[in-house]
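**Q** Before we start, here is the structure in question, set down as structure tokens.
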Amino acid sequence: FFEQKKNYWGGYDYKISKGKKALLLKIIKNNSITYKDTEVFDLPEKVNIKKYLSLTKQQSDFYKKAIDGIIEAKGDITLLENSFVKLRQITSGFIKFISNEGEEVKIIFDENPKLIALLELLEEIGDEKLVVFNDYTITGDIICDRLKQEKIGYERLYGDTEDKYETMQRFLKEKDCRVYVVNSKSGAMSLNLQKAHYQVYYESPLSPITREQSDCRLHRLGQEHKVFIYDFVMKNTIDEKILGFIKEGKDLYSEFYKDPKILI
């Protein structure tokens, strides 16, 4: 029923053969049952920690303008999307937009509470390895630039990474490579990172499915230690809303267009 294809992690992906889905569903109807991995495997404890941070004055000023943009959009989908993205970017320490002259403008904030919290956590956990999930390419740039400045060994996985498998292997095998900066779109579904047991969501994925899958990169079969998963959450911002909707099994991005007022 399935076609096998080797993926870039050295394993295999399986895609159902064209035209066979209906037959497969007919065969397994009423004869299948699903378990969560935690119900099947004796996994170590997973500890979720929310680290609450406050917006700086600069972030707060930009955040208020983005909220005003939602009000002024009056239902315009493009303007609503722009405001939604800006809110997420601001909590992570930057903002990117198109100026009135049509030029792309990128502002990196002078102070970044999430970046400071990341460095503090690295100091706290000593020589332990840390996986950092993020959603935006610029966020990855900011994190990696700072790690380089601090002379902290790291690897990065995102859309432009040429040898994805090699980055994972270096993170897992080389002692001086302490941090793996992973874009959720590139690594939430496929990585085997159970040699590490500290994980940070610098930005949480919006999708509950992607979030659940990224949680399983460390907390999975083969993990021998308690796993600590941190969320860096800017208080009274979209960060809190995202986690609240994920807990309900909902995607804030989808719900926002039904009722933009949920962010006001």
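By convention here, the chains of the structure tokens are called A, B, ... in the order presented, each chain's residues are numbered starting at 1, and ligands are numbered starting at 1 in the order presented.
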I want to know what sits within 8 Å of stretch 153-169 of chain A, based on only C-alpha atoms, with residues of the same chain fewer than 3 positions away left out; could you give that as a tab-separated table (two decimals) with N, CA and C atoms, in the first residue's frame?
**A**
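File written: out03.tsv
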```tsv
chain	number	residue	atom	x	y	z
A	8	TYR	N	16.47	12.48	4.34
A	8	TYR	CA	17.83	12.95	4.56
A	8	TYR	C	18.37	12.66	5.95
A	9	TRP	N	17.55	12.04	6.82
A	9	TRP	CA	18.04	11.67	8.15
A	9	TRP	C	18.61	10.25	8.16
A	10	GLY	N	18.51	9.55	7.03
A	10	GLY	CA	19.02	8.20	6.97
A	10	GLY	C	17.94	7.16	7.21
A	137	THR	N	13.34	32.89	10.49
A	137	THR	CA	14.74	32.86	10.07
A	137	THR	C	15.54	33.94	10.78
A	140	GLY	N	16.51	32.93	14.21
A	140	GLY	CA	17.67	32.04	14.18
A	140	GLY	C	18.96	32.81	13.98
A	144	CYS	N	22.00	32.76	16.70
A	144	CYS	CA	23.31	32.24	16.29
A	144	CYS	C	24.39	33.32	16.36
A	147	LEU	N	25.33	33.55	20.03
A	147	LEU	CA	26.10	32.38	20.46
A	147	LEU	C	27.53	32.46	19.95
A	148	LYS	N	27.68	32.95	18.73
A	148	LYS	CA	29.01	33.11	18.15
A	148	LYS	C	29.82	34.14	18.94
A	172	LEU	N	24.99	16.06	18.27
A	172	LEU	CA	24.89	14.90	19.16
A	172	LEU	C	26.25	14.37	19.59
A	173	LYS	N	27.25	14.45	18.71
A	173	LYS	CA	28.51	13.76	18.97
A	173	LYS	C	29.64	14.65	19.50
A	176	ASP	N	31.77	20.08	22.29
A	176	ASP	CA	31.78	21.54	22.30
A	176	ASP	C	30.60	22.15	21.55
A	177	CYS	N	29.78	21.32	20.91
A	177	CYS	CA	28.58	21.82	20.22
A	177	CYS	C	27.41	21.68	21.19
A	178	ARG	N	27.10	22.75	21.88
A	178	ARG	CA	26.15	22.68	22.99
A	178	ARG	C	24.71	23.01	22.60
A	179	VAL	N	24.54	23.78	21.52
A	179	VAL	CA	23.21	24.27	21.18
A	179	VAL	C	22.83	23.88	19.75
A	180	TYR	N	21.60	23.42	19.59
A	180	TYR	CA	21.06	23.11	18.27
A	180	TYR	C	19.89	24.05	18.03
A	181	VAL	N	20.06	25.01	17.12
A	181	VAL	CA	19.03	26.00	16.82
A	181	VAL	C	18.20	25.46	15.66
A	182	VAL	N	16.94	25.09	15.94
A	182	VAL	CA	16.12	24.37	14.98
A	182	VAL	C	14.88	25.16	14.60
A	183	ASN	N	14.69	25.38	13.31
A	183	ASN	CA	13.45	25.98	12.83
A	183	ASN	C	12.37	24.89	12.86
A	185	LYS	N	9.69	24.39	11.25
A	185	LYS	CA	9.24	23.88	9.95
A	185	LYS	C	10.20	22.84	9.40
A	186	SER	N	11.47	22.93	9.77
A	186	SER	CA	12.49	22.03	9.23
A	186	SER	C	12.75	20.81	10.10
A	187	GLY	N	12.51	20.93	11.42
A	187	GLY	CA	12.92	19.84	12.29
A	187	GLY	C	11.93	19.32	13.30
A	191	LEU	N	13.61	14.69	13.76
A	191	LEU	CA	14.86	14.58	14.49
A	191	LEU	C	14.81	13.58	15.65
```
**Q** Write out as a VMD selection string all residues of stretch 6-203 of chain A that DSSP puts in alpha helix (DSSP H) for this structure's backbone.
**A** chain A and resid 21 to 28 37 to 40 57 to 73 77 to 91 113 to 124 137 to 149 164 to 173 184 to 187
**Q** Enumerate, as a PyMOL selection string, the complete set of residues in stretch 32-217 of chain A that a backbone-based DSSP assignment places in strand (DSSP E or B).
**A** chain A and resi 46-53+94-98+104-108+130-134+153-157+177-183+198-201
**Q** Those same residues - N, CA, C and O atoms - I'd like them written as a short mmCIF file (atom, residue, chain, number, x, y, z; two decimals), in the first residue's frame.
**A**
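File produced: again.cif:
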```cif
data_model
loop_
_atom_site.label_atom_id
_atom_site.label_comp_id
_atom_site.auth_asym_id
_atom_site.auth_seq_id
_atom_site.Cartn_x
_atom_site.Cartn_y
_atom_site.Cartn_z
N LYS A 46 8.60 14.22 31.85
CA LYS A 46 8.75 15.43 31.05
C LYS A 46 8.24 16.61 31.87
O LYS A 46 7.11 16.62 32.34
N VAL A 47 9.11 17.60 32.06
CA VAL A 47 8.77 18.75 32.89
C VAL A 47 8.64 19.99 32.00
O VAL A 47 9.60 20.39 31.34
N ASN A 48 7.45 20.56 31.96
CA ASN A 48 7.21 21.78 31.17
C ASN A 48 7.34 23.00 32.08
O ASN A 48 6.72 23.06 33.15
N ILE A 49 8.15 23.95 31.65
CA ILE A 49 8.42 25.15 32.45
C ILE A 49 8.15 26.39 31.60
O ILE A 49 8.73 26.55 30.53
N LYS A 50 7.28 27.26 32.10
CA LYS A 50 7.03 28.53 31.43
C LYS A 50 7.86 29.62 32.11
O LYS A 50 7.69 29.86 33.30
N LYS A 51 8.74 30.23 31.35
CA LYS A 51 9.56 31.31 31.89
C LYS A 51 8.97 32.62 31.39
O LYS A 51 9.07 32.95 30.20
N TYR A 52 8.34 33.36 32.30
CA TYR A 52 7.65 34.60 31.93
C TYR A 52 8.63 35.78 31.93
O TYR A 52 9.41 35.96 32.87
N LEU A 53 8.55 36.57 30.87
CA LEU A 53 9.43 37.72 30.69
C LEU A 53 8.58 38.94 30.37
O LEU A 53 7.42 38.82 29.98
N PHE A 94 12.56 41.62 17.36
CA PHE A 94 12.78 42.32 16.09
C PHE A 94 11.43 42.62 15.44
O PHE A 94 10.38 42.16 15.88
N ILE A 95 11.49 43.39 14.36
CA ILE A 95 10.30 43.62 13.55
C ILE A 95 10.73 43.88 12.11
O ILE A 95 11.76 44.54 11.87
N LYS A 96 10.00 43.33 11.17
CA LYS A 96 10.31 43.51 9.75
C LYS A 96 9.04 43.96 9.04
O LYS A 96 7.97 43.38 9.26
N PHE A 97 9.15 44.99 8.22
CA PHE A 97 7.97 45.50 7.51
C PHE A 97 8.41 46.23 6.24
O PHE A 97 9.60 46.47 6.01
N ILE A 98 7.43 46.57 5.44
CA ILE A 98 7.66 47.32 4.21
C ILE A 98 7.34 48.79 4.47
O ILE A 98 6.24 49.12 4.93
N GLU A 104 12.07 47.19 2.24
CA GLU A 104 12.00 46.30 3.40
C GLU A 104 12.83 46.88 4.54
O GLU A 104 14.00 47.20 4.36
N VAL A 105 12.21 46.98 5.71
CA VAL A 105 12.89 47.53 6.88
C VAL A 105 12.95 46.44 7.96
O VAL A 105 11.95 45.79 8.26
N LYS A 106 14.13 46.26 8.53
CA LYS A 106 14.31 45.27 9.60
C LYS A 106 14.94 45.98 10.81
O LYS A 106 15.99 46.60 10.68
N ILE A 107 14.27 45.91 11.94
CA ILE A 107 14.78 46.53 13.16
C ILE A 107 15.06 45.45 14.20
O ILE A 107 14.15 44.68 14.56
N ILE A 108 16.30 45.36 14.65
CA ILE A 108 16.67 44.45 15.73
C ILE A 108 16.71 45.27 17.02
O ILE A 108 17.46 46.24 17.11
N LEU A 130 21.49 21.77 24.60
CA LEU A 130 20.20 22.44 24.57
C LEU A 130 19.68 22.56 23.14
O LEU A 130 20.42 22.98 22.24
N VAL A 131 18.43 22.20 22.94
CA VAL A 131 17.78 22.36 21.63
C VAL A 131 16.86 23.57 21.70
O VAL A 131 16.04 23.67 22.63
N VAL A 132 16.99 24.48 20.76
CA VAL A 132 16.18 25.71 20.73
C VAL A 132 15.32 25.73 19.48
O VAL A 132 15.84 25.80 18.36
N PHE A 133 14.00 25.66 19.67
CA PHE A 133 13.08 25.74 18.54
C PHE A 133 12.66 27.20 18.30
O PHE A 133 12.38 27.93 19.24
N ASN A 134 12.63 27.58 17.04
CA ASN A 134 12.18 28.91 16.66
C ASN A 134 11.40 28.84 15.35
O ASN A 134 11.48 27.84 14.62
N GLY A 153 29.52 26.87 21.21
CA GLY A 153 29.39 26.03 20.03
C GLY A 153 27.94 25.69 19.72
O GLY A 153 27.16 25.37 20.61
N TYR A 154 27.60 25.75 18.44
CA TYR A 154 26.21 25.49 18.05
C TYR A 154 26.15 24.93 16.63
O TYR A 154 27.09 25.02 15.85
N GLU A 155 25.00 24.37 16.30
CA GLU A 155 24.65 24.02 14.93
C GLU A 155 23.26 24.56 14.66
O GLU A 155 22.50 24.87 15.60
N ARG A 156 22.93 24.67 13.38
CA ARG A 156 21.64 25.26 13.02
C ARG A 156 20.96 24.45 11.93
O ARG A 156 21.60 24.01 10.99
N LEU A 157 19.65 24.28 12.10
CA LEU A 157 18.84 23.60 11.10
C LEU A 157 17.69 24.51 10.68
O LEU A 157 16.85 24.87 11.50
N CYS A 177 29.78 21.32 20.91
CA CYS A 177 28.58 21.82 20.22
C CYS A 177 27.41 21.68 21.19
O CYS A 177 26.77 20.63 21.28
N ARG A 178 27.10 22.75 21.88
CA ARG A 178 26.15 22.68 22.99
C ARG A 178 24.71 23.01 22.60
O ARG A 178 23.77 22.59 23.27
N VAL A 179 24.54 23.78 21.52
CA VAL A 179 23.21 24.27 21.18
C VAL A 179 22.83 23.88 19.75
O VAL A 179 23.65 23.98 18.84
N TYR A 180 21.60 23.42 19.59
CA TYR A 180 21.06 23.11 18.27
C TYR A 180 19.89 24.05 18.03
O TYR A 180 18.85 23.94 18.68
N VAL A 181 20.06 25.01 17.12
CA VAL A 181 19.03 26.00 16.82
C VAL A 181 18.20 25.46 15.66
O VAL A 181 18.67 25.36 14.53
N VAL A 182 16.94 25.09 15.94
CA VAL A 182 16.12 24.37 14.98
C VAL A 182 14.88 25.16 14.60
O VAL A 182 14.09 25.57 15.47
N ASN A 183 14.69 25.38 13.31
CA ASN A 183 13.45 25.98 12.83
C ASN A 183 12.37 24.89 12.86
O ASN A 183 12.58 23.78 12.35
N TYR A 198 17.38 18.98 27.45
CA TYR A 198 16.90 20.35 27.68
C TYR A 198 16.44 20.94 26.35
O TYR A 198 17.15 20.84 25.35
N GLN A 199 15.27 21.55 26.35
CA GLN A 199 14.69 22.10 25.13
C GLN A 199 14.01 23.43 25.44
O GLN A 199 13.39 23.59 26.48
N VAL A 200 14.14 24.37 24.50
CA VAL A 200 13.52 25.69 24.66
C VAL A 200 12.66 26.01 23.44
O VAL A 200 13.08 25.75 22.30
N TYR A 201 11.50 26.56 23.70
CA TYR A 201 10.70 27.17 22.63
C TYR A 201 10.92 28.68 22.71
O TYR A 201 10.31 29.35 23.53
#
```
**Q** With only C-alpha atoms as the basis for distance, which of A:Ser83, A:Gln59, A:Asn192, A:Thr139 is at the shortest distance from A:Gly11?
**A**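 Checking each candidate against A:Gly11, we get A:Asn192 as the closest.
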**Q** To one decimal place in Å, what is the distance between atom CA of A:Glu111 and atom CA of A:Asp145?
**A**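 For atom CA of A:Glu111 relative to atom CA of A:Asp145, the distance reads 14.5 Å.
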**Q** Please identify all polymer residues within 12 Å of A:Ile77, counting only C-alpha atoms, omitting same-chain residues fewer than 2 positions from it, and present them as a PyMOL selection string.
**A** chain A and resi 69-70+72-75+79-84+253-254+256-260
**Q** May I have the residues from that selection written out with C-alpha atoms, as a PDB file, in the first residue's frame?
**A**
```
ATOM      1  CA  GLY A  69      -3.114  47.827  13.319  1.00  0.00           C
ATOM      2  CA  ILE A  70      -5.578  45.028  14.079  1.00  0.00           C
ATOM      3  CA  GLU A  72      -7.532  49.724  11.914  1.00  0.00           C
ATOM      4  CA  ALA A  73      -7.561  46.689   9.597  1.00  0.00           C
ATOM      5  CA  LYS A  74     -11.353  46.462   9.902  1.00  0.00           C
ATOM      6  CA  GLY A  75     -11.371  42.878   8.668  1.00  0.00           C
ATOM      7  CA  LEU A  79      -3.581  43.908   7.136  1.00  0.00           C
ATOM      8  CA  LEU A  80      -4.650  41.435   9.819  1.00  0.00           C
ATOM      9  CA  GLU A  81      -1.959  38.981   8.769  1.00  0.00           C
ATOM     10  CA  ASN A  82       0.679  41.724   8.832  1.00  0.00           C
ATOM     11  CA  SER A  83      -0.321  42.703  12.355  1.00  0.00           C
ATOM     12  CA  PHE A  84      -0.383  39.089  13.556  1.00  0.00           C
ATOM     13  CA  TYR A 253      -3.583  31.737  13.576  1.00  0.00           C
ATOM     14  CA  SER A 254      -6.796  30.105  12.304  1.00  0.00           C
ATOM     15  CA  PHE A 256      -7.618  34.880  14.838  1.00  0.00           C
ATOM     16  CA  TYR A 257      -9.246  35.317  11.432  1.00  0.00           C
ATOM     17  CA  LYS A 258     -12.590  34.174  12.807  1.00  0.00           C
ATOM     18  CA  ASP A 259     -12.377  36.758  15.596  1.00  0.00           C
ATOM     19  CA  PRO A 260      -9.462  39.260  15.530  1.00  0.00           C
TER      20      PRO A 260
END
```
**Q** Using only C-alpha atoms, pick whichever of A:Glu248, A:Asp231, A:Asp239, A:Glu255 has the shortest atom-to-atom distance to A:Ala117.
**A**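 For A:Ala117, the nearest of the given residues is A:Asp231.
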**Q** For A:Ile16, please output as a list in words all residues within 9 Å (counting only C-alpha atoms; exclusion window: fewer than 6 positions along the same chain).
**A**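 Within the cut-off, the hits are Phe1, Phe2, Glu3 and Gln4 of chain A.
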**Q** For A:Arg220, please output as number ranges by chain all residues within 9 Å (counting only C-alpha atoms; exclusion window: fewer than 2 positions along the same chain).
**A** A: 37-38, 41, 43-44, 192-194, 215-218, 222-223
**Q** Return as a tab-separated table the residues of stretch 36-144 of chain A lying at most 10 Å from stretch 233-237 of chain A, together with the closest atom-to-atom pair for each and the distance in Å to one decimal, counting only C-alpha atoms, with rows in chain order and ascending residue number.
**A**
```
residue	atom	partner	partner_atom	distance
A:Lys50	CA	A:Val233	CA	6.7
A:Lys51	CA	A:Val233	CA	6.0
A:Tyr52	CA	A:Val233	CA	4.9
A:Leu53	CA	A:Met234	CA	4.7
A:Ser54	CA	A:Met234	CA	5.4
A:Leu55	CA	A:Met234	CA	6.4
A:Thr56	CA	A:Met234	CA	10.0
A:Ser60	CA	A:Thr237	CA	9.8
A:Tyr63	CA	A:Thr237	CA	8.6
A:Leu87	CA	A:Thr237	CA	7.9
A:Arg88	CA	A:Thr237	CA	8.7
A:Ile90	CA	A:Thr237	CA	9.8
A:Thr91	CA	A:Met234	CA	6.3
A:Ser92	CA	A:Met234	CA	8.7
A:Pro113	CA	A:Met234	CA	8.5
A:Lys114	CA	A:Val233	CA	8.2
```
**Q** Residues at most 12 Å from A:Gln149, counting only C-alpha atoms, excluding those fewer than 6 positions away in the same chain, as a list in words?
**A** Leu119, Ile142 and Ile143 of chain A
**Q** Please, could you write that set of residues out with all heavy atoms as a PDB file, in the first residue's frame?
**A**
```pdb
ATOM      1  N   LEU A 119      20.730  32.810  27.341  1.00  0.00           N
ATOM      2  CA  LEU A 119      22.106  32.773  27.835  1.00  0.00           C
ATOM      3  C   LEU A 119      22.151  32.389  29.310  1.00  0.00           C
ATOM      4  O   LEU A 119      23.036  31.644  29.751  1.00  0.00           O
ATOM      5  CB  LEU A 119      22.775  34.128  27.615  1.00  0.00           C
ATOM      6  CG  LEU A 119      22.964  34.548  26.149  1.00  0.00           C
ATOM      7  CD1 LEU A 119      23.517  35.961  26.072  1.00  0.00           C
ATOM      8  CD2 LEU A 119      23.866  33.578  25.412  1.00  0.00           C
ATOM      9  N   ILE A 142      19.549  35.921  14.890  1.00  0.00           N
ATOM     10  CA  ILE A 142      19.836  36.647  16.140  1.00  0.00           C
ATOM     11  C   ILE A 142      20.465  35.716  17.172  1.00  0.00           C
ATOM     12  O   ILE A 142      21.465  36.050  17.810  1.00  0.00           O
ATOM     13  CB  ILE A 142      18.540  37.275  16.700  1.00  0.00           C
ATOM     14  CG1 ILE A 142      18.039  38.402  15.783  1.00  0.00           C
ATOM     15  CG2 ILE A 142      18.764  37.803  18.121  1.00  0.00           C
ATOM     16  CD1 ILE A 142      16.659  38.928  16.151  1.00  0.00           C
ATOM     17  N   ILE A 143      19.874  34.532  17.341  1.00  0.00           N
ATOM     18  CA  ILE A 143      20.378  33.569  18.323  1.00  0.00           C
ATOM     19  C   ILE A 143      21.799  33.124  17.967  1.00  0.00           C
ATOM     20  O   ILE A 143      22.703  33.127  18.816  1.00  0.00           O
ATOM     21  CB  ILE A 143      19.443  32.346  18.414  1.00  0.00           C
ATOM     22  CG1 ILE A 143      18.070  32.763  18.956  1.00  0.00           C
ATOM     23  CG2 ILE A 143      20.057  31.267  19.303  1.00  0.00           C
ATOM     24  CD1 ILE A 143      17.025  31.667  18.864  1.00  0.00           C
TER      25      ILE A 143
END
```
**Q** Just want the 12 Å neighbourhood of A:Glu212, counted on only C-alpha atoms, with same-chain residues fewer than 4 positions away dropped. Output as a list in words.
**A**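 Near neighbours after the sequence-gap exclusion: Lys36, Asp37, Ser184, Ala188, Met189, Ser204, Pro205, Leu206, Ser207, Pro208, Cys216, Arg217, Leu218, His219, Arg220, Ile229, Leu243, Ile246, Lys247 and Gly249 of chain A.
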**Q** Using only C-alpha atoms, find the one residue out of A:Asp251, A:Ile238, A:Gln213, A:Tyr202 that sits nearest to A:Ser190.
**A**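 Distance minimum relative to A:Ser190 lands on A:Gln213.
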